[in-house]
Amino acid sequence: MLEIVYFSNVSENTKRFVEKLGIPNHRIPLYPTDEHLQVSKPFVLISPTYGLGDDETSVPKQVIRFLNDPVNRSFLKAVIGAGNTNFGEKYCRASEVIARKTGVPLIYKFELLGTPDDVATVKEKMELLWKLQ
Amino acid sequence: MTATTATGITRPVNWNKLEDSIDLEVWNRLTSNFWLPEKVPMSNDIPSWATLRPEEQKLTMHVFTGLTLLDTIQGTVGALSLIPDALTAHEEAVYTNISFMESVHAKSYSSIFSTLCSTDEIEEAFRWSEENPYLQKKAEIVLGYYRGDDPLKRKVASTLLESFLFYSGFYLPMYWSSRAKLTNTGDLIRLIIRDEAIHGYYIGYKFQKQMEMETQERRDELKAYTYDLLLELYENEIKYTADLYDPLGLTEDVKHFLHYNANKALMNLGFDPLFPKEVSEVSPAILSALSPNADENHDFFSGSGSSYVIGKHEATEDDDWDF
Ligand SMILES: Cc1cc2nc3c(=O)[nH]c(=O)nc-3n(C[C@H](O)[C@H](O)[C@H](O)COP(=O)(O)O)c2cc1C
Ligand SMILES: [Fe+2]
Ligand SMILES: [Fe+2]
């Protein structure tokens, strides 16, 4: 099975979503003083959107730091976005920016903690992606 | 938390020393989102307004006075009532920003009115808002908690207002927008909707932080209280919705939108959604009026003609990572 790597701020919405998936996962460290995360298996990245509303600041800097490591990038298979539709055209913008920059597909978007339906859909997509490996 | 502590020392807010990084993150987004209704070219909606039937115009005005009432409450009572229990000095500052923006929101409906309606019509709509029993009841329920003495219940009531109670009203401008009507009004409402997302996120997050300091018994009590209050408000919202939207036959569609947003309000407070998918799926037209790319299909698996092959993407150079 593909693993999950995710970022979640202190509000921990994404963390709670990931915990419902029952898939091996790693959390990108929150603080600059935390130890750098380097992965060694193929994974799907889940990232919420933050920032000021522009593309440049939409991806959390912790995620940028993680993806700046070429080893991490080499295992990245797909991206999932977390956000809130209230942000209009900026909904899940970070996941779009990451997909564009890395050339991997954006396979799903969900809001906040995710609904039971979001959990089921992401599980299915993860399995399908694994079979396609 | 107040500027003056129990020991009598008054502390200025130091933004170079943060206790909670979210305070600055939220402050920065709120200030960069800052807008004023004068910047939206409302008068472009005059021809479109003229195409609405009289009862549609009246409904729109009633909906907007209802929203004005909620923003007035949140600006002058709700956001300010959170200041005394703030955990950090920066949190207090964020509430003052929220409070001010609510007053901008309240005023922006008056900008819409003054552009599109006559003085008599405006007078009638405000009179309606004072006399509508459901609107008055929702104000009364929320104000009861804002004036009460439980700081956590205040945050729950505030989050439910920010993330749930507005949406019976927000539905209509999104509906017009999806039919290419009142599109500038729609743009203005989208600015308000964006602000409300951060307000709901932030107050809900601070609620969760305070919950962490409570006993298990008290947490259980607050969780039960949250669902009870939501259902109390929900019952009233359903009546308010039917009263407004039955004549246009839109009530069922609005209800879906209410369920969807009630779920999001609960999530902002850290609780699981309540309404199942079948009743909380928002119609595609409304969803894309809200967020143009929300219902984009990211289902590349079934996409015919998709040339994507997993694992075959070009290696990215390090320099590209200058987001
Ligand atoms: C300051 C701030 C800015 C945000 N900007 C966006 C945005 O542009 N687009 C979006 O879809 N969500 C945005 N969000 C919503 C978050 O992405 C969403 O709440 C997410 O669930 C947070 O996940 P986390 O708690 O795991 O960090 C923003 C939230 C905050 C607090
Ligand atoms: Fe508001
Ligand atoms: Fe608000």
# chains A, B, ... in the order shown; residues from 1 in each chain; ligands from 1
$ residues_around --residues "His26 of chain A" --least-positions-apart "4" --cutoff "10 Å" --atoms "only C-alpha atoms" --output "ChimeraX atom specification"
/A:3-7,15,18,37-39,43,45
$ residues_near_ligand --ligand "ligand 3" --cutoff "6 Å" --atoms "only C-alpha atoms and all ligand atoms" --output "PyMOL selection string"
chain B and resi 102+162+196+199
$ interface_residues --of "chain A" --to "chain B" --cutoff "6 Å" --atoms "only C-alpha atoms" --output "PyMOL selection string"
chain A and resi 52+56+85-89+103+107-108
$ write_last_selection --atoms "N, CA and C atoms" --output "PDB file, in the first residue's frame"
ATOM      1  N   LEU A  52      -1.784  33.903   2.346  1.00  0.00           N
ATOM      2  CA  LEU A  52      -2.443  35.193   2.214  1.00  0.00           C
ATOM      3  C   LEU A  52      -3.440  35.241   1.058  1.00  0.00           C
ATOM      4  N   GLU A  56       1.880  31.989  -4.111  1.00  0.00           N
ATOM      5  CA  GLU A  56       3.215  31.917  -3.500  1.00  0.00           C
ATOM      6  C   GLU A  56       3.158  31.484  -2.043  1.00  0.00           C
ATOM      7  N   THR A  85     -14.372  25.408   0.962  1.00  0.00           N
ATOM      8  CA  THR A  85     -14.923  26.018  -0.259  1.00  0.00           C
ATOM      9  C   THR A  85     -15.252  27.499  -0.073  1.00  0.00           C
ATOM     10  N   ASN A  86     -15.361  27.943   1.183  1.00  0.00           N
ATOM     11  CA  ASN A  86     -15.597  29.369   1.414  1.00  0.00           C
ATOM     12  C   ASN A  86     -14.499  30.242   0.806  1.00  0.00           C
ATOM     13  N   PHE A  87     -13.342  29.659   0.550  1.00  0.00           N
ATOM     14  CA  PHE A  87     -12.254  30.443  -0.034  1.00  0.00           C
ATOM     15  C   PHE A  87     -12.393  30.581  -1.543  1.00  0.00           C
ATOM     16  N   GLY A  88     -13.531  30.143  -2.070  1.00  0.00           N
ATOM     17  CA  GLY A  88     -13.851  30.394  -3.470  1.00  0.00           C
ATOM     18  C   GLY A  88     -12.845  29.793  -4.416  1.00  0.00           C
ATOM     19  N   GLU A  89     -12.340  30.594  -5.350  1.00  0.00           N
ATOM     20  CA  GLU A  89     -11.409  30.049  -6.352  1.00  0.00           C
ATOM     21  C   GLU A  89     -10.078  29.643  -5.714  1.00  0.00           C
ATOM     22  N   GLY A 103       4.298  17.872 -11.084  1.00  0.00           N
ATOM     23  CA  GLY A 103       3.820  17.061 -12.195  1.00  0.00           C
ATOM     24  C   GLY A 103       3.109  15.786 -11.779  1.00  0.00           C
ATOM     25  N   ILE A 107      -5.554  14.216  -6.881  1.00  0.00           N
ATOM     26  CA  ILE A 107      -6.597  13.196  -7.005  1.00  0.00           C
ATOM     27  C   ILE A 107      -7.863  13.463  -6.190  1.00  0.00           C
ATOM     28  N   TYR A 108      -7.818  14.404  -5.234  1.00  0.00           N
ATOM     29  CA  TYR A 108      -9.026  14.641  -4.450  1.00  0.00           C
ATOM     30  C   TYR A 108      -8.876  15.920  -3.647  1.00  0.00           C
TER      31      TYR A 108
END
$ residues_near_ligand --ligand "ligand 2" --cutoff "12 Å" --atoms "only C-alpha atoms and all ligand atoms" --output "NGL selection string"
:B and (64 or 66-76 or 78-79 or 97-109 or 158-159 or 161-167 or 169-170 or 188-200)
$ residues_around --residues "Gly51 of chain A" --least-positions-apart "3" --cutoff "8 Å" --atoms "only C-alpha atoms" --output "list of chain:residue names"
A:Asp54, A:Thr57, A:Ser58, A:Val59, A:Pro60, B:Glu25, B:Arg29
$ write_last_selection --atoms "all heavy atoms" --output "PDB file, in the first residue's frame"
ATOM      1  N   ASP A  54      -2.583  34.196  -2.139  1.00  0.00           N
ATOM      2  CA  ASP A  54      -1.877  34.121  -3.424  1.00  0.00           C
ATOM      3  C   ASP A  54      -1.216  32.740  -3.544  1.00  0.00           C
ATOM      4  O   ASP A  54      -1.077  32.017  -2.563  1.00  0.00           O
ATOM      5  CB  ASP A  54      -0.824  35.225  -3.538  1.00  0.00           C
ATOM      6  CG  ASP A  54       0.136  35.218  -2.358  1.00  0.00           C
ATOM      7  OD1 ASP A  54      -0.164  34.538  -1.349  1.00  0.00           O
ATOM      8  OD2 ASP A  54       1.183  35.869  -2.435  1.00  0.00           O
ATOM      9  N   THR A  57       2.179  32.006  -1.297  1.00  0.00           N
ATOM     10  CA  THR A  57       2.143  31.698   0.134  1.00  0.00           C
ATOM     11  C   THR A  57       1.147  30.584   0.475  1.00  0.00           C
ATOM     12  O   THR A  57       0.993  30.238   1.645  1.00  0.00           O
ATOM     13  CB  THR A  57       1.765  32.961   0.955  1.00  0.00           C
ATOM     14  OG1 THR A  57       0.490  33.429   0.498  1.00  0.00           O
ATOM     15  CG2 THR A  57       2.802  34.063   0.788  1.00  0.00           C
ATOM     16  N   SER A  58       0.489  30.010  -0.547  1.00  0.00           N
ATOM     17  CA  SER A  58      -0.576  29.044  -0.235  1.00  0.00           C
ATOM     18  C   SER A  58      -0.066  27.714   0.326  1.00  0.00           C
ATOM     19  O   SER A  58      -0.732  27.083   1.137  1.00  0.00           O
ATOM     20  CB  SER A  58      -1.417  28.774  -1.488  1.00  0.00           C
ATOM     21  OG  SER A  58      -0.641  28.112  -2.476  1.00  0.00           O
ATOM     22  N   VAL A  59       1.140  27.302  -0.102  1.00  0.00           N
ATOM     23  CA  VAL A  59       1.691  26.036   0.386  1.00  0.00           C
ATOM     24  C   VAL A  59       2.438  26.288   1.699  1.00  0.00           C
ATOM     25  O   VAL A  59       3.333  27.126   1.740  1.00  0.00           O
ATOM     26  CB  VAL A  59       2.667  25.420  -0.649  1.00  0.00           C
ATOM     27  CG1 VAL A  59       3.168  24.063  -0.182  1.00  0.00           C
ATOM     28  CG2 VAL A  59       2.009  25.299  -2.020  1.00  0.00           C
ATOM     29  N   PRO A  60       2.076  25.576   2.762  1.00  0.00           N
ATOM     30  CA  PRO A  60       2.765  25.782   4.041  1.00  0.00           C
ATOM     31  C   PRO A  60       4.282  25.593   3.877  1.00  0.00           C
ATOM     32  O   PRO A  60       4.708  24.700   3.152  1.00  0.00           O
ATOM     33  CB  PRO A  60       2.171  24.694   4.948  1.00  0.00           C
ATOM     34  CG  PRO A  60       0.832  24.390   4.352  1.00  0.00           C
ATOM     35  CD  PRO A  60       0.992  24.579   2.869  1.00  0.00           C
TER      36      PRO A  60
ATOM     37  N   GLU B  25      -0.834  34.017  11.920  1.00  0.00           N
ATOM     38  CA  GLU B  25      -1.264  33.466  10.630  1.00  0.00           C
ATOM     39  C   GLU B  25      -2.658  34.001  10.249  1.00  0.00           C
ATOM     40  O   GLU B  25      -2.890  34.420   9.121  1.00  0.00           O
ATOM     41  CB  GLU B  25      -1.309  31.936  10.784  1.00  0.00           C
ATOM     42  CG  GLU B  25      -1.404  31.210   9.500  1.00  0.00           C
ATOM     43  CD  GLU B  25      -0.295  30.165   9.327  1.00  0.00           C
ATOM     44  OE1 GLU B  25       0.409  29.827  10.285  1.00  0.00           O
ATOM     45  OE2 GLU B  25      -0.149  29.725   8.189  1.00  0.00           O
ATOM     46  N   ARG B  29      -3.820  36.828   7.314  1.00  0.00           N
ATOM     47  CA  ARG B  29      -4.796  36.564   6.255  1.00  0.00           C
ATOM     48  C   ARG B  29      -5.976  37.534   6.352  1.00  0.00           C
ATOM     49  O   ARG B  29      -6.464  38.040   5.338  1.00  0.00           O
ATOM     50  CB  ARG B  29      -5.278  35.117   6.320  1.00  0.00           C
ATOM     51  CG  ARG B  29      -6.283  34.740   5.243  1.00  0.00           C
ATOM     52  CD  ARG B  29      -5.719  34.914   3.826  1.00  0.00           C
ATOM     53  NE  ARG B  29      -6.632  34.479   2.794  1.00  0.00           N
ATOM     54  CZ  ARG B  29      -6.552  33.315   2.147  1.00  0.00           C
ATOM     55  NH1 ARG B  29      -5.572  32.483   2.409  1.00  0.00           N
ATOM     56  NH2 ARG B  29      -7.440  32.998   1.236  1.00  0.00           N
TER      57      ARG B  29
END
$ atom_distance --atom1 "atom CA of Phe17 of chain A" --atom2 "atom CA of Leu67 of chain A"
21.4 Å
$ residues_around --residues "Asn84 of chain A" --least-positions-apart "4" --cutoff "7 Å" --atoms "only C-alpha atoms" --output "PyMOL selection string"
chain A and resi 91+111-112
$ select_by_dssp --residues "chain A" --states "strand (DSSP E or B)" --output "PDB file with C-alpha atoms, in the first residue's frame"
ATOM      1  CA  GLU A   3       1.797   5.572   2.429  1.00  0.00           C
ATOM      2  CA  ILE A   4       0.428   8.977   3.356  1.00  0.00           C
ATOM      3  CA  VAL A   5       2.540  11.986   4.180  1.00  0.00           C
ATOM      4  CA  TYR A   6       0.598  14.973   5.472  1.00  0.00           C
ATOM      5  CA  ASN A  25       1.348   7.781   7.577  1.00  0.00           C
ATOM      6  CA  HIS A  26       3.948  10.376   8.473  1.00  0.00           C
ATOM      7  CA  ARG A  27       3.329  13.935   9.624  1.00  0.00           C
ATOM      8  CA  PHE A  43       3.470   8.086  -0.830  1.00  0.00           C
ATOM      9  CA  VAL A  44       0.545  10.408  -1.446  1.00  0.00           C
ATOM     10  CA  LEU A  45       0.816  13.908   0.024  1.00  0.00           C
ATOM     11  CA  ILE A  46      -2.107  15.583   1.798  1.00  0.00           C
ATOM     12  CA  SER A  47      -1.760  19.314   2.329  1.00  0.00           C
ATOM     13  CA  PRO A  48      -4.112  22.019   3.606  1.00  0.00           C
ATOM     14  CA  LEU A  76       5.711  11.433  -4.408  1.00  0.00           C
ATOM     15  CA  LYS A  77       2.894   9.802  -6.421  1.00  0.00           C
ATOM     16  CA  ALA A  78      -0.111  12.085  -6.031  1.00  0.00           C
ATOM     17  CA  VAL A  79      -1.536  14.984  -4.033  1.00  0.00           C
ATOM     18  CA  ILE A  80      -4.761  15.450  -2.051  1.00  0.00           C
ATOM     19  CA  GLY A  81      -5.928  18.914  -0.999  1.00  0.00           C
ATOM     20  CA  ALA A  82      -7.586  19.978   2.262  1.00  0.00           C
ATOM     21  CA  GLY A  83      -9.356  23.310   2.505  1.00  0.00           C
ATOM     22  CA  LEU A 106      -4.222  16.030  -7.821  1.00  0.00           C
ATOM     23  CA  ILE A 107      -6.597  13.196  -7.005  1.00  0.00           C
ATOM     24  CA  TYR A 108      -9.026  14.641  -4.450  1.00  0.00           C
ATOM     25  CA  LYS A 109     -10.084  17.640  -2.429  1.00  0.00           C
ATOM     26  CA  PHE A 110     -11.933  17.669   0.877  1.00  0.00           C
ATOM     27  CA  GLU A 111     -12.939  20.154   3.544  1.00  0.00           C
TER      28      GLU A 111
END
$ residues_around --residues "Met1 of chain A" --least-positions-apart "6" --cutoff "12 Å" --atoms "only C-alpha atoms" --output "number ranges by chain"
A: 22-25, 41-44, 123-133
$ select_by_dssp --residues "chain A" --states "helix (DSSP H, G or I)" --output "number ranges by chain"
A: 13-19, 55-58, 61-67, 70-75, 85-90, 93-102, 116-131
$ write_last_selection --atoms "C-alpha atoms" --output "short mmCIF file (atom, residue, chain, number, x, y, z; two decimals), in the first residue's frame"
data_model
loop_
_atom_site.label_atom_id
_atom_site.label_comp_id
_atom_site.auth_asym_id
_atom_site.auth_seq_id
_atom_site.Cartn_x
_atom_site.Cartn_y
_atom_site.Cartn_z
CA ASN A 13 -7.94 19.02 11.01
CA THR A 14 -5.89 17.06 8.50
CA LYS A 15 -4.34 14.94 11.23
CA ARG A 16 -7.79 13.84 12.37
CA PHE A 17 -8.76 13.05 8.77
CA VAL A 18 -5.65 10.94 8.22
CA GLU A 19 -6.21 9.01 11.43
CA ASP A 55 -0.20 31.07 -4.96
CA GLU A 56 3.21 31.92 -3.50
CA THR A 57 2.14 31.70 0.13
CA SER A 58 -0.58 29.04 -0.23
CA LYS A 61 6.51 26.40 4.31
CA GLN A 62 6.93 23.09 6.13
CA VAL A 63 5.60 21.33 3.03
CA ILE A 64 7.97 23.27 0.78
CA ARG A 65 10.86 22.29 3.02
CA PHE A 66 9.84 18.65 2.86
CA LEU A 67 9.49 18.71 -0.93
CA PRO A 70 14.83 15.43 -3.86
CA VAL A 71 14.59 12.04 -2.16
CA ASN A 72 11.13 12.90 -0.82
CA ARG A 73 10.09 14.23 -4.19
CA SER A 74 11.17 11.04 -5.93
CA PHE A 75 8.64 9.02 -3.91
CA THR A 85 -14.92 26.02 -0.26
CA ASN A 86 -15.60 29.37 1.41
CA PHE A 87 -12.25 30.44 -0.03
CA GLY A 88 -13.85 30.39 -3.47
CA GLU A 89 -11.41 30.05 -6.35
CA LYS A 90 -8.65 29.61 -3.77
CA ARG A 93 -5.03 26.12 -3.90
CA ALA A 94 -1.92 24.66 -2.25
CA SER A 95 -2.64 21.19 -3.64
CA GLU A 96 -3.02 22.67 -7.13
CA VAL A 97 0.30 24.49 -6.82
CA ILE A 98 2.06 21.34 -5.59
CA ALA A 99 0.57 19.22 -8.39
CA ARG A 100 1.61 21.79 -10.99
CA LYS A 101 5.15 22.12 -9.60
CA THR A 102 5.80 18.42 -9.25
CA PRO A 116 -17.27 9.73 6.24
CA ASP A 117 -17.80 9.83 2.48
CA ASP A 118 -14.47 11.63 1.97
CA VAL A 119 -12.74 8.99 4.07
CA ALA A 120 -14.25 6.16 1.98
CA THR A 121 -13.40 7.85 -1.31
CA VAL A 122 -9.78 8.53 -0.36
CA LYS A 123 -9.35 4.92 0.77
CA GLU A 124 -10.66 3.70 -2.58
CA LYS A 125 -8.41 6.03 -4.53
CA MET A 126 -5.40 4.94 -2.51
CA GLU A 127 -6.11 1.30 -3.33
CA LEU A 128 -6.62 2.02 -7.00
CA LEU A 129 -3.39 3.98 -7.13
CA TRP A 130 -1.57 1.09 -5.48
CA LYS A 131 -2.87 -1.36 -8.07
#
$ closest_residue --among "B:Val63, B:Lys255, B:Glu55, B:Leu24" --to "ligand 1" --atoms "only C-alpha atoms and all ligand atoms"
B:Leu24
$ atom_distance --atom1 "atom CA of Val142 of chain B" --atom2 "atom CA of Thr215 of chain B"
25.1 Å
$ decode --residues "segment 177-202 of chain B" --atoms "N, CA and C atoms" --output "short mmCIF file (atom, residue, chain, number, x, y, z; two decimals), in the first residue's frame"
data_model
loop_
_atom_site.label_atom_id
_atom_site.label_comp_id
_atom_site.auth_asym_id
_atom_site.auth_seq_id
_atom_site.Cartn_x
_atom_site.Cartn_y
_atom_site.Cartn_z
N SER B 177 -26.36 34.38 -8.48
CA SER B 177 -25.07 34.37 -9.18
C SER B 177 -25.00 33.20 -10.16
N SER B 178 -25.54 32.04 -9.74
CA SER B 178 -25.51 30.85 -10.60
C SER B 178 -26.40 31.05 -11.83
N ARG B 179 -27.32 32.01 -11.75
CA ARG B 179 -28.18 32.31 -12.90
C ARG B 179 -27.76 33.61 -13.58
N ALA B 180 -26.52 33.99 -13.31
CA ALA B 180 -25.95 35.21 -13.91
C ALA B 180 -26.75 36.47 -13.58
N LYS B 181 -27.34 36.48 -12.36
CA LYS B 181 -28.05 37.68 -11.91
C LYS B 181 -27.33 38.28 -10.72
N LEU B 182 -27.42 39.59 -10.59
CA LEU B 182 -26.80 40.31 -9.46
C LEU B 182 -25.36 39.83 -9.22
N THR B 183 -24.58 39.78 -10.25
CA THR B 183 -23.25 39.17 -10.13
C THR B 183 -22.27 40.00 -9.30
N ASN B 184 -22.45 41.33 -9.30
CA ASN B 184 -21.56 42.14 -8.46
C ASN B 184 -21.91 41.99 -6.99
N THR B 185 -23.22 41.90 -6.73
CA THR B 185 -23.66 41.59 -5.37
C THR B 185 -23.07 40.25 -4.96
N GLY B 186 -23.09 39.28 -5.88
CA GLY B 186 -22.51 37.96 -5.61
C GLY B 186 -21.04 38.07 -5.25
N ASP B 187 -20.30 38.90 -5.98
CA ASP B 187 -18.88 39.08 -5.69
C ASP B 187 -18.67 39.62 -4.27
N LEU B 188 -19.52 40.57 -3.90
CA LEU B 188 -19.40 41.15 -2.56
C LEU B 188 -19.70 40.09 -1.48
N ILE B 189 -20.75 39.31 -1.71
CA ILE B 189 -21.11 38.28 -0.73
C ILE B 189 -20.00 37.24 -0.61
N ARG B 190 -19.35 36.92 -1.73
CA ARG B 190 -18.22 35.97 -1.67
C ARG B 190 -17.08 36.48 -0.79
N LEU B 191 -16.89 37.81 -0.78
CA LEU B 191 -15.86 38.36 0.11
C LEU B 191 -16.26 38.14 1.57
N ILE B 192 -17.55 38.31 1.83
CA ILE B 192 -18.04 38.09 3.20
C ILE B 192 -17.89 36.60 3.57
N ILE B 193 -18.26 35.72 2.65
CA ILE B 193 -18.20 34.28 2.92
C ILE B 193 -16.75 33.85 3.23
N ARG B 194 -15.82 34.42 2.50
CA ARG B 194 -14.39 34.12 2.75
C ARG B 194 -13.99 34.57 4.15
N ASP B 195 -14.42 35.77 4.55
CA ASP B 195 -14.10 36.25 5.90
C ASP B 195 -14.70 35.31 6.95
N GLU B 196 -15.95 34.90 6.72
CA GLU B 196 -16.62 34.06 7.74
C GLU B 196 -15.89 32.72 7.93
N ALA B 197 -15.25 32.24 6.87
CA ALA B 197 -14.51 30.97 7.00
C ALA B 197 -13.40 31.11 8.01
N ILE B 198 -12.68 32.23 7.95
CA ILE B 198 -11.56 32.40 8.90
C ILE B 198 -12.10 32.65 10.30
N HIS B 199 -13.20 33.42 10.39
CA HIS B 199 -13.78 33.65 11.71
C HIS B 199 -14.20 32.32 12.36
N GLY B 200 -14.89 31.49 11.59
CA GLY B 200 -15.36 30.20 12.13
C GLY B 200 -14.21 29.28 12.50
N TYR B 201 -13.20 29.25 11.64
CA TYR B 201 -12.02 28.43 11.91
C TYR B 201 -11.36 28.88 13.22
N TYR B 202 -11.17 30.18 13.35
CA TYR B 202 -10.38 30.72 14.46
C TYR B 202 -11.10 30.57 15.80
#
